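Working notes, structure below.
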Amino acid sequence: MEVRELLLRRGAVEDKGLKNPYEMWRVRIETAVFTGYVGGTIYCNGGDIPELPFLYKFISEILG
């Protein structure tokens, strides 16, 4: 859950009441939505926040 915690520290807002049984968590930073799935996949819909490339790089480093 290190990725989720990073995003929350950045100011992401956590979605409550997930309806998809395969989603473990979902957070939003402005227009970017990050979703963590049970199988370990993390998906982001994109967005126009300036630090998105940094977040992608950091997430990639965390996940190895």
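By order of appearance in the structure tokens: chains A, B, ..., then residues from 1 within every chain, and ligands from 1 in the order shown.
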
Contacts of Pro53 in chain A within 12 Å, only C-alpha atoms, excl. fewer than 6 positions in-chain, as a VMD selection string: chain A and resid 32 44 46 to 47 59 to 60

Exercise: Lys16 in chain A partners within 12 Å, only C-alpha atoms, chain neighbours under 6 positions left out, as a VMD selection string: chain A and resid 23 to 28

Shell of 12 Å around Arg10 in chain A, only C-alpha atoms, local chain residues under 3 positions omitted, as number ranges by chain: A: 3-7, 13-14, 27-30, 49, 51-52, 54-55

Residue contacts of Thr41 in chain A (10 Å, only C-alpha atoms) excluding same-chain residues fewer than 3 positions away, as a list in words: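 Final neighbour list, sorted by chain and number: Glu23, Thr35, Gly36, Tyr37, Val38 and Leu63 of chain A.
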
Kindly export the residues of the current selection with N, CA and C atoms, as an mmCIF file, in the first residue's frame.
data_model
loop_
_atom_site.group_PDB
_atom_site.id
_atom_site.type_symbol
_atom_site.label_atom_id
_atom_site.label_comp_id
_atom_site.auth_asym_id
_atom_site.auth_seq_id
_atom_site.Cartn_x
_atom_site.Cartn_y
_atom_site.Cartn_z
ATOM 1 N N GLU A 23 -11.265 -4.067 -7.098
ATOM 2 C CA GLU A 23 -10.561 -2.856 -6.682
ATOM 3 C C GLU A 23 -10.256 -2.916 -5.193
ATOM 4 N N THR A 35 -6.173 3.733 -9.394
ATOM 5 C CA THR A 35 -6.908 2.591 -8.863
ATOM 6 C C THR A 35 -5.946 1.432 -8.640
ATOM 7 N N GLY A 36 -5.990 0.853 -7.447
ATOM 8 C CA GLY A 36 -5.202 -0.331 -7.123
ATOM 9 C C GLY A 36 -6.102 -1.546 -7.128
ATOM 10 N N TYR A 37 -5.677 -2.583 -7.844
ATOM 11 C CA TYR A 37 -6.486 -3.794 -7.983
ATOM 12 C C TYR A 37 -5.927 -4.950 -7.164
ATOM 13 N N VAL A 38 -6.784 -5.908 -6.870
ATOM 14 C CA VAL A 38 -6.447 -7.071 -6.063
ATOM 15 C C VAL A 38 -5.234 -7.807 -6.634
ATOM 16 N N LEU A 63 7.467 -0.122 -7.242
ATOM 17 C CA LEU A 63 7.026 -1.458 -7.670
ATOM 18 C C LEU A 63 8.165 -2.295 -8.242
#

Gap from CA of Tyr22 in chain A to CA of Gly40 in chain A - Å, one decimal: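 Here the two named atoms are 10.0 Å from each other.
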
Shortest interatomic distance to Ile62 in chain A - which of A:Asp15, A:Ile42, A:Phe34, A:Glu2, counting only C-alpha atoms: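 Nearest to Ile62 in chain A: A:Glu2.
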
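For the residues A:Gly11, A:Val33, A:Gly64, A:Pro21, ranking by smallest atom-to-atom distance to Asp48 in chain A using only C-alpha atoms places A:Val33 first.
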
In chain A, DSSP helix (DSSP H, G or I) residues written as a list in words: Glu2, Val3, Arg4, Glu5, Leu6, Leu7, Leu8, Arg9, Arg10, Leu52, Pro53, Phe54, Leu55, Tyr56, Lys57, Phe58, Ile59, Ser60, Glu61, Ile62 and Leu63 of chain A
